[in-house]
Amino acid sequence: MENLAMTNSVNPMPAFWRGKRVLLTGHTGFKGSWLAFWLHRLGAHVTGISLSPVTTPNLFDLAGIETLTKSHICDIRDAAALAVLIDKAHPEIIFHFAAQALVRASYRDPLATLATNIQGTANVLDALRDIDSVRAVVAITTDKVYHNLEQPYPYRETDALGGYDPYSASKAAAEIVIASYRDSYLAEKNIAVASARAGNVIGGGDWSEDRLIPDAIRAWNGNQPLQIRRPQSIRPWQHVLEPLSGYIKLAEQLWQNPKLAGAYNFGPETHEAASVREVVQLAQKAYGQGEIHWGDGSDGPHEAGWLALEISKARTVLGVKPRWSLVDAVQRTMHWYRQQHDGIDVRVACEADIAAYEAVNNSNQAS
């Protein structure tokens, strides 16, 4: 068994991950592609299960993630096919990312959102009832699982779950499913199951619809104005490497101590939560171009106006603390897109961001 002191290190530990069999659902998505790249860099053997990428371009194809993983295209709503693939992978650690992850898309197709995020999560966990290889599961939900009071209050893991829109509701329900499978089946099999609730993620390689930075990149590269619906909305913005680092560290700790199973928030410090207007202005400055048309908040369906996370549990229990400020996160993100637009090898850009992130002086991270 690995030494616990090793897994308490600030950065992910290649000595821990080298040779580990890791199953990653949603590996063709933005965050999933980044994690697959990072885990491969750490020496893990990654099996991916996901739908095909939904955007063109996409990070999965540009970075050649398929060549770094045993990649399977499968809908997690297909319980039988999913169970076969999980059994074949014989995983030791599972990261469950696969989801319908967009609020506005959930309004357009609520049933598919509910089926993917609730039943799909149940299908993943249910497949583990007959598998003996798994030691740790990190299931990714969202910061939007909380019953939002629209007040300047950072939500903590013990606060009430809820969801106005179908996406938020589906993820809150998935949290209940995760807890149920952990308590009813998986704990007695010594499988440590945790849920990870992350704030709004930015970073290079995201081309999803109705997301702030991708919308900005598409508009500004096309010499079009960026249309902003709700400039006053407050969100816990963070670079993609922040939560991914937390997920990796959480899996390391769960492997050593199954009693750490439970829910964890990952986000910026509360004072770093910022408005859409602030983020767009930082992005515009970092990119060096771009026109903006500001809306008045009346366009589109309901979305939460104020959202922040309390992250003291991750800091205290896991030693995880944000490394990059909002300014750093936006600058890194826009630099990535600028480089990609200019023709850099995307793997080189991703490697540079990970190396820079790991190089940050975090000697006081767990203090």
# chains A, B, ... in the order shown; residues from 1 in each chain; ligands from 1
$ residues_around --residues "Tyr337 in chain A" --least-positions-apart "2" --cutoff "8 Å" --atoms "only C-alpha atoms" --output "ChimeraX atom specification"
/A:204-205,217,333-335,339-341
$ residues_around --residues "range 263-279 of chain A" --least-positions-apart "2" --cutoff "7 Å" --atoms "only C-alpha atoms" --output "VMD selection string"
chain A and resid 154 157 194 to 199 231 to 238 243 246 281 to 283 308 to 311 313 to 314 322 326
$ residues_around --residues "Ile73 in chain A" --least-positions-apart "3" --cutoff "7 Å" --atoms "only C-alpha atoms" --output "JSON, numbers by chain"
{"A": [49, 50, 51, 52]}
$ write_last_selection --atoms "N, CA, C and O atoms" --output "PDB file, in the first residue's frame"
ATOM      1  N   ILE A  49     -15.152   6.086 -21.283  1.00  0.00           N
ATOM      2  CA  ILE A  49     -16.488   5.742 -21.775  1.00  0.00           C
ATOM      3  C   ILE A  49     -17.265   7.039 -21.928  1.00  0.00           C
ATOM      4  O   ILE A  49     -17.400   7.807 -20.970  1.00  0.00           O
ATOM      5  N   SER A  50     -17.788   7.289 -23.116  1.00  0.00           N
ATOM      6  CA  SER A  50     -18.457   8.558 -23.358  1.00  0.00           C
ATOM      7  C   SER A  50     -19.208   8.509 -24.669  1.00  0.00           C
ATOM      8  O   SER A  50     -19.011   7.605 -25.488  1.00  0.00           O
ATOM      9  N   LEU A  51     -20.050   9.512 -24.898  1.00  0.00           N
ATOM     10  CA  LEU A  51     -20.565   9.786 -26.222  1.00  0.00           C
ATOM     11  C   LEU A  51     -19.468  10.431 -27.058  1.00  0.00           C
ATOM     12  O   LEU A  51     -18.450  10.887 -26.524  1.00  0.00           O
ATOM     13  N   SER A  52     -19.674  10.495 -28.361  1.00  0.00           N
ATOM     14  CA  SER A  52     -18.735  11.204 -29.223  1.00  0.00           C
ATOM     15  C   SER A  52     -18.729  12.690 -28.870  1.00  0.00           C
ATOM     16  O   SER A  52     -19.723  13.208 -28.321  1.00  0.00           O
TER      17      SER A  52
END
$ closest_residue --among "A:Leu244, A:Leu260, A:Ala356, A:Val134" --to "Pro12 in chain A" --atoms "only C-alpha atoms"
A:Leu244
$ atom_distance --atom1 "CA of Ile292 in chain A" --atom2 "CA of Pro225 in chain A"
5.1 Å
$ residues_around --residues "Asn123 in chain A" --least-positions-apart "3" --cutoff "9 Å" --atoms "only C-alpha atoms" --output "list in words"
Ile76, Arg77, Asp78, Ala79, Ala80, Leu82, Ala83, Ile118, Gln119, Gly120, Asp126, Ala127 and Leu128 of chain A
$ write_last_selection --atoms "C-alpha atoms" --output "CSV table (one decimal), in the first residue's frame"
chain,number,residue,atom,x,y,z
A,76,ILE,CA,-24.4,5.7,-20.0
A,77,ARG,CA,-28.1,5.4,-20.2
A,78,ASP,CA,-27.5,2.0,-21.7
A,79,ALA,CA,-27.0,0.1,-18.5
A,80,ALA,CA,-26.2,-3.3,-20.0
A,82,LEU,CA,-22.1,0.2,-19.8
A,83,ALA,CA,-21.8,-2.7,-17.3
A,118,ILE,CA,-29.8,10.7,-12.7
A,119,GLN,CA,-30.3,7.3,-14.3
A,120,GLY,CA,-26.9,7.4,-16.0
A,126,ASP,CA,-25.0,-0.1,-10.0
A,127,ALA,CA,-22.4,-1.8,-12.3
A,128,LEU,CA,-19.9,-1.7,-9.4
$ residues_around --residues "Gly222 in chain A" --least-positions-apart "6" --cutoff "12 Å" --atoms "only C-alpha atoms" --output "list of chain:residue names"
A:Asp215, A:Ala216, A:Gln289, A:Gly290, A:Glu291, A:His341
$ write_last_selection --atoms "all heavy atoms" --output "PDB file, in the first residue's frame"
ATOM      1  N   ASP A 215     -18.209  31.310 -25.955  1.00  0.00           N
ATOM      2  CA  ASP A 215     -18.999  32.277 -26.713  1.00  0.00           C
ATOM      3  C   ASP A 215     -18.146  33.479 -27.103  1.00  0.00           C
ATOM      4  O   ASP A 215     -18.251  34.005 -28.218  1.00  0.00           O
ATOM      5  CB  ASP A 215     -20.203  32.750 -25.894  1.00  0.00           C
ATOM      6  CG  ASP A 215     -21.320  31.717 -25.823  1.00  0.00           C
ATOM      7  OD1 ASP A 215     -21.258  30.721 -26.574  1.00  0.00           O
ATOM      8  OD2 ASP A 215     -22.246  31.897 -25.004  1.00  0.00           O
ATOM      9  N   ALA A 216     -17.286  33.927 -26.176  1.00  0.00           N
ATOM     10  CA  ALA A 216     -16.414  35.063 -26.468  1.00  0.00           C
ATOM     11  C   ALA A 216     -15.425  34.730 -27.582  1.00  0.00           C
ATOM     12  O   ALA A 216     -15.214  35.536 -28.507  1.00  0.00           O
ATOM     13  CB  ALA A 216     -15.671  35.482 -25.198  1.00  0.00           C
ATOM     14  N   GLN A 289      -8.712  42.029 -28.003  1.00  0.00           N
ATOM     15  CA  GLN A 289      -9.697  42.445 -29.000  1.00  0.00           C
ATOM     16  C   GLN A 289     -11.075  42.024 -28.521  1.00  0.00           C
ATOM     17  O   GLN A 289     -11.212  41.279 -27.559  1.00  0.00           O
ATOM     18  CB  GLN A 289      -9.422  41.790 -30.358  1.00  0.00           C
ATOM     19  CG  GLN A 289      -9.649  40.276 -30.364  1.00  0.00           C
ATOM     20  CD  GLN A 289      -9.312  39.623 -31.684  1.00  0.00           C
ATOM     21  OE1 GLN A 289      -8.167  39.611 -32.095  1.00  0.00           O
ATOM     22  NE2 GLN A 289     -10.329  39.088 -32.365  1.00  0.00           N
ATOM     23  N   GLY A 290     -12.102  42.527 -29.211  1.00  0.00           N
ATOM     24  CA  GLY A 290     -13.450  42.044 -28.939  1.00  0.00           C
ATOM     25  C   GLY A 290     -14.427  43.113 -28.515  1.00  0.00           C
ATOM     26  O   GLY A 290     -14.157  43.877 -27.586  1.00  0.00           O
ATOM     27  N   GLU A 291     -15.568  43.133 -29.188  1.00  0.00           N
ATOM     28  CA  GLU A 291     -16.654  44.036 -28.845  1.00  0.00           C
ATOM     29  C   GLU A 291     -17.660  43.291 -27.971  1.00  0.00           C
ATOM     30  O   GLU A 291     -17.832  42.079 -28.102  1.00  0.00           O
ATOM     31  CB  GLU A 291     -17.333  44.540 -30.114  1.00  0.00           C
ATOM     32  CG  GLU A 291     -18.444  45.550 -29.889  1.00  0.00           C
ATOM     33  CD  GLU A 291     -19.112  45.985 -31.186  1.00  0.00           C
ATOM     34  OE1 GLU A 291     -18.620  45.575 -32.263  1.00  0.00           O
ATOM     35  OE2 GLU A 291     -20.132  46.704 -31.112  1.00  0.00           O
ATOM     36  N   HIS A 341      -5.347  29.235 -31.778  1.00  0.00           N
ATOM     37  CA  HIS A 341      -5.740  29.950 -32.990  1.00  0.00           C
ATOM     38  C   HIS A 341      -4.542  30.178 -33.897  1.00  0.00           C
ATOM     39  O   HIS A 341      -4.668  30.151 -35.129  1.00  0.00           O
ATOM     40  CB  HIS A 341      -6.390  31.281 -32.617  1.00  0.00           C
ATOM     41  CG  HIS A 341      -6.925  32.051 -33.796  1.00  0.00           C
ATOM     42  ND1 HIS A 341      -6.209  33.040 -34.431  1.00  0.00           N
ATOM     43  CD2 HIS A 341      -8.105  31.949 -34.471  1.00  0.00           C
ATOM     44  CE1 HIS A 341      -6.920  33.535 -35.420  1.00  0.00           C
ATOM     45  NE2 HIS A 341      -8.078  32.891 -35.470  1.00  0.00           N
TER      46      HIS A 341
END
$ select_by_dssp --residues "range 70-243 of chain A" --states "strand (DSSP E)" --output "ChimeraX atom specification"
/A:70-73,93-96,136-140,192-198,201-202,226-228,234-235,238-239
$ write_last_selection --atoms "C-alpha atoms" --output "mmCIF file, in the first residue's frame"
data_model
loop_
_atom_site.group_PDB
_atom_site.id
_atom_site.type_symbol
_atom_site.label_atom_id
_atom_site.label_comp_id
_atom_site.auth_asym_id
_atom_site.auth_seq_id
_atom_site.Cartn_x
_atom_site.Cartn_y
_atom_site.Cartn_z
ATOM 1 C CA LYS A 70 -8.753 2.853 -24.264
ATOM 2 C CA SER A 71 -11.672 4.791 -25.676
ATOM 3 C CA HIS A 72 -15.242 3.464 -25.898
ATOM 4 C CA ILE A 73 -18.252 5.305 -27.301
ATOM 5 C CA ILE A 93 -10.402 4.138 -9.540
ATOM 6 C CA ILE A 94 -13.390 5.721 -11.299
ATOM 7 C CA PHE A 95 -14.023 9.346 -12.223
ATOM 8 C CA HIS A 96 -17.614 9.841 -13.357
ATOM 9 C CA ALA A 136 -12.429 4.697 -5.035
ATOM 10 C CA VAL A 137 -15.071 6.603 -6.999
ATOM 11 C CA VAL A 138 -15.201 10.367 -7.567
ATOM 12 C CA ALA A 139 -18.545 11.379 -9.079
ATOM 13 C CA ILE A 140 -18.654 14.913 -10.472
ATOM 14 C CA ALA A 192 -15.039 4.782 -1.123
ATOM 15 C CA VAL A 193 -17.475 7.034 -3.010
ATOM 16 C CA ALA A 194 -17.279 10.831 -3.024
ATOM 17 C CA SER A 195 -19.133 13.516 -4.945
ATOM 18 C CA ALA A 196 -17.332 16.627 -6.172
ATOM 19 C CA ARG A 197 -19.187 19.916 -6.570
ATOM 20 C CA ALA A 198 -17.153 22.366 -8.626
ATOM 21 C CA VAL A 201 -14.836 26.207 -14.885
ATOM 22 C CA ILE A 202 -12.897 28.046 -17.568
ATOM 23 C CA LEU A 226 -20.166 39.091 -27.754
ATOM 24 C CA GLN A 227 -23.766 39.105 -26.535
ATOM 25 C CA ILE A 228 -24.007 39.003 -22.720
ATOM 26 C CA ILE A 234 -22.062 36.208 -9.713
ATOM 27 C CA ARG A 235 -20.284 32.850 -10.075
ATOM 28 C CA GLN A 238 -11.945 28.848 -11.577
ATOM 29 C CA HIS A 239 -9.440 27.459 -14.047
#
$ closest_residue --among "A:Gly343, A:Gly319, A:Gly48, A:Gly64" --to "Leu85 in chain A" --atoms "only C-alpha atoms"
A:Gly48
$ closest_residue --among "A:Val240, A:Ala98, A:Ala261, A:Leu212" --to "Ala179 in chain A" --atoms "only C-alpha atoms"
A:Ala261
$ select_by_dssp --residues "range 104-265 of chain A" --states "helix (DSSP H, G or I)" --output "MDAnalysis selection string"
chainID A and resid 104:108 110:130 143:145 166:189 212:221 241:256 258:260
$ residues_around --residues "range 110-116 of chain A" --least-positions-apart "3" --cutoff "9 Å" --atoms "only C-alpha atoms" --output "MDAnalysis selection string"
chainID A and resid 75:77 98:102 105:107 119:121 165:167 169:171 173
$ write_last_selection --atoms "all heavy atoms" --output "compact mmCIF listing (two decimals), in the first residue's frame"
# COMPACT_ATOMS: atom_id res chain seq x y z
N ASP A 75 -23.38 5.23 -24.52
CA ASP A 75 -24.32 6.08 -23.79
C ASP A 75 -24.51 5.49 -22.40
O ASP A 75 -24.91 4.32 -22.26
CB ASP A 75 -25.65 6.13 -24.54
CG ASP A 75 -26.59 7.21 -24.02
OD1 ASP A 75 -26.56 7.49 -22.80
OD2 ASP A 75 -27.35 7.77 -24.83
N ILE A 76 -24.24 6.26 -21.35
CA ILE A 76 -24.36 5.73 -19.99
C ILE A 76 -25.80 5.41 -19.61
O ILE A 76 -26.05 4.78 -18.58
CB ILE A 76 -23.74 6.66 -18.94
CG1 ILE A 76 -24.45 8.03 -18.92
CG2 ILE A 76 -22.24 6.83 -19.19
CD1 ILE A 76 -24.03 8.89 -17.74
N ARG A 77 -26.75 5.82 -20.44
CA ARG A 77 -28.14 5.42 -20.21
C ARG A 77 -28.38 3.96 -20.60
O ARG A 77 -29.40 3.38 -20.22
CB ARG A 77 -29.09 6.33 -20.99
CG ARG A 77 -29.12 7.77 -20.47
CD ARG A 77 -29.96 8.67 -21.35
NE ARG A 77 -29.35 8.85 -22.67
CZ ARG A 77 -29.86 9.64 -23.62
NH1 ARG A 77 -30.99 10.31 -23.39
NH2 ARG A 77 -29.25 9.75 -24.79
N ALA A 98 -19.44 11.89 -17.12
CA ALA A 98 -20.43 11.90 -18.20
C ALA A 98 -21.75 12.50 -17.74
O ALA A 98 -22.32 12.08 -16.73
CB ALA A 98 -20.65 10.48 -18.71
N ALA A 99 -22.23 13.50 -18.49
CA ALA A 99 -23.44 14.21 -18.08
C ALA A 99 -23.93 15.10 -19.21
O ALA A 99 -23.19 15.41 -20.14
CB ALA A 99 -23.15 15.07 -16.85
N GLN A 100 -25.18 15.52 -19.10
CA GLN A 100 -25.66 16.67 -19.86
C GLN A 100 -25.38 17.86 -18.96
O GLN A 100 -26.00 18.01 -17.92
CB GLN A 100 -27.15 16.54 -20.18
CG GLN A 100 -27.67 17.52 -21.24
CD GLN A 100 -27.48 18.98 -20.90
OE1 GLN A 100 -26.54 19.64 -21.34
NE2 GLN A 100 -28.39 19.52 -20.09
N ALA A 101 -24.46 18.73 -19.37
CA ALA A 101 -23.86 19.67 -18.42
C ALA A 101 -24.24 21.13 -18.63
O ALA A 101 -23.59 22.01 -18.06
CB ALA A 101 -22.33 19.55 -18.50
N LEU A 102 -25.27 21.41 -19.41
CA LEU A 102 -25.61 22.80 -19.73
C LEU A 102 -27.01 23.15 -19.24
O LEU A 102 -27.97 22.42 -19.50
CB LEU A 102 -25.52 23.02 -21.24
CG LEU A 102 -24.13 22.77 -21.86
CD1 LEU A 102 -24.23 22.81 -23.38
CD2 LEU A 102 -23.12 23.78 -21.35
N ALA A 105 -29.48 24.03 -22.20
CA ALA A 105 -29.83 22.80 -22.92
C ALA A 105 -30.83 21.96 -22.13
O ALA A 105 -31.67 21.28 -22.71
CB ALA A 105 -28.57 21.99 -23.21
N SER A 106 -30.74 22.03 -20.81
CA SER A 106 -31.68 21.26 -19.98
C SER A 106 -33.10 21.78 -20.10
O SER A 106 -34.06 21.02 -19.97
CB SER A 106 -31.23 21.25 -18.51
OG SER A 106 -31.54 22.46 -17.84
N TYR A 107 -33.25 23.08 -20.33
CA TYR A 107 -34.58 23.63 -20.56
C TYR A 107 -35.16 23.11 -21.88
O TYR A 107 -36.36 22.87 -21.99
CB TYR A 107 -34.54 25.16 -20.60
CG TYR A 107 -34.55 25.81 -19.23
CD1 TYR A 107 -33.42 26.44 -18.72
CD2 TYR A 107 -35.72 25.83 -18.46
CE1 TYR A 107 -33.44 27.06 -17.49
CE2 TYR A 107 -35.75 26.45 -17.22
CZ TYR A 107 -34.60 27.06 -16.74
OH TYR A 107 -34.63 27.67 -15.50
N GLN A 119 -30.35 8.69 -14.01
CA GLN A 119 -30.29 7.26 -14.31
C GLN A 119 -28.89 6.85 -14.77
O GLN A 119 -28.41 5.76 -14.41
CB GLN A 119 -31.31 6.89 -15.38
CG GLN A 119 -31.44 5.39 -15.62
CD GLN A 119 -31.91 4.64 -14.39
OE1 GLN A 119 -32.96 4.96 -13.82
NE2 GLN A 119 -31.15 3.64 -13.94
N GLY A 120 -28.23 7.71 -15.54
CA GLY A 120 -26.87 7.38 -15.97
C GLY A 120 -25.91 7.22 -14.81
O GLY A 120 -25.09 6.29 -14.79
N THR A 121 -26.03 8.09 -13.83
CA THR A 121 -25.19 7.97 -12.63
C THR A 121 -25.52 6.68 -11.88
O THR A 121 -24.61 5.96 -11.43
CB THR A 121 -25.40 9.19 -11.71
OG1 THR A 121 -24.94 10.36 -12.40
CG2 THR A 121 -24.64 9.03 -10.41
N ASP A 165 -33.83 24.84 -12.33
CA ASP A 165 -33.82 24.37 -13.72
C ASP A 165 -33.60 22.86 -13.75
O ASP A 165 -33.12 22.26 -12.79
CB ASP A 165 -32.72 25.08 -14.50
CG ASP A 165 -31.36 24.88 -13.87
OD1 ASP A 165 -30.69 23.88 -14.20
OD2 ASP A 165 -30.97 25.71 -13.03
N PRO A 166 -33.94 22.20 -14.87
CA PRO A 166 -33.80 20.74 -14.95
C PRO A 166 -32.37 20.26 -14.74
O PRO A 166 -32.16 19.19 -14.15
CB PRO A 166 -34.29 20.42 -16.36
CG PRO A 166 -35.25 21.51 -16.69
CD PRO A 166 -34.67 22.74 -16.05
N TYR A 167 -31.37 21.01 -15.21
CA TYR A 167 -29.98 20.59 -15.01
C TYR A 167 -29.65 20.55 -13.53
O TYR A 167 -29.14 19.54 -13.02
CB TYR A 167 -29.03 21.53 -15.74
CG TYR A 167 -27.58 21.33 -15.33
CD1 TYR A 167 -26.90 20.19 -15.73
CD2 TYR A 167 -26.93 22.25 -14.53
CE1 TYR A 167 -25.58 19.98 -15.35
CE2 TYR A 167 -25.62 22.05 -14.14
CZ TYR A 167 -24.95 20.92 -14.54
OH TYR A 167 -23.65 20.72 -14.14
N ALA A 169 -31.62 20.46 -10.96
CA ALA A 169 -32.42 19.44 -10.28
C ALA A 169 -31.87 18.05 -10.53
O ALA A 169 -31.81 17.21 -9.63
CB ALA A 169 -33.87 19.53 -10.76
N SER A 170 -31.43 17.79 -11.76
CA SER A 170 -30.91 16.47 -12.08
C SER A 170 -29.63 16.18 -11.31
O SER A 170 -29.38 15.05 -10.87
CB SER A 170 -30.65 16.35 -13.59
OG SER A 170 -29.53 17.11 -14.00
N LYS A 171 -28.80 17.19 -11.14
CA LYS A 171 -27.54 17.00 -10.42
C LYS A 171 -27.77 16.87 -8.91
O LYS A 171 -27.08 16.11 -8.22
CB LYS A 171 -26.59 18.15 -10.72
CG LYS A 171 -25.96 18.07 -12.10
CD LYS A 171 -25.06 16.86 -12.24
CE LYS A 171 -24.15 16.92 -13.43
NZ LYS A 171 -23.18 15.82 -13.48
N ALA A 173 -30.46 15.54 -7.64
CA ALA A 173 -30.98 14.18 -7.52
C ALA A 173 -29.84 13.16 -7.64
O ALA A 173 -29.84 12.13 -6.95
CB ALA A 173 -32.04 13.93 -8.59
$ atom_distance --atom1 "CA of Arg135 in chain A" --atom2 "CA of Gln256 in chain A"
9.3 Å
$ residues_around --residues "Gly43 in chain A" --least-positions-apart "6" --cutoff "12 Å" --atoms "only C-alpha atoms" --output "list in words"
Pro12, Met13, Pro14, Ala15, Phe16, Trp17, Arg18, Gly19, Lys20, Arg21, Val22, Ala36, Phe37, Leu68 and Thr69 of chain A
$ write_last_selection --atoms "C-alpha atoms" --output "PDB file, in the first residue's frame"
ATOM      1  CA  PRO A  12      -0.721  14.733  -7.910  1.00  0.00           C
ATOM      2  CA  MET A  13       1.798  11.952  -7.344  1.00  0.00           C
ATOM      3  CA  PRO A  14       3.108   9.972 -10.313  1.00  0.00           C
ATOM      4  CA  ALA A  15       4.296   7.287  -7.874  1.00  0.00           C
ATOM      5  CA  PHE A  16       0.675   6.736  -6.828  1.00  0.00           C
ATOM      6  CA  TRP A  17      -0.883   6.867 -10.296  1.00  0.00           C
ATOM      7  CA  ARG A  18       1.714   4.938 -12.252  1.00  0.00           C
ATOM      8  CA  GLY A  19       0.040   1.772 -13.520  1.00  0.00           C
ATOM      9  CA  LYS A  20      -3.327   2.466 -11.856  1.00  0.00           C
ATOM     10  CA  ARG A  21      -6.328   1.305 -13.872  1.00  0.00           C
ATOM     11  CA  VAL A  22      -8.606   4.317 -14.099  1.00  0.00           C
ATOM     12  CA  ALA A  36      -7.467  12.063 -19.325  1.00  0.00           C
ATOM     13  CA  PHE A  37      -4.408  13.985 -20.509  1.00  0.00           C
ATOM     14  CA  LEU A  68      -3.891   8.148 -24.749  1.00  0.00           C
ATOM     15  CA  THR A  69      -6.820   6.015 -23.560  1.00  0.00           C
TER      16      THR A  69
END
$ closest_residue --among "A:Val84, A:Phe97, A:Gly305, A:Asp109" --to "Asn148 in chain A" --atoms "only C-alpha atoms"
A:Gly305
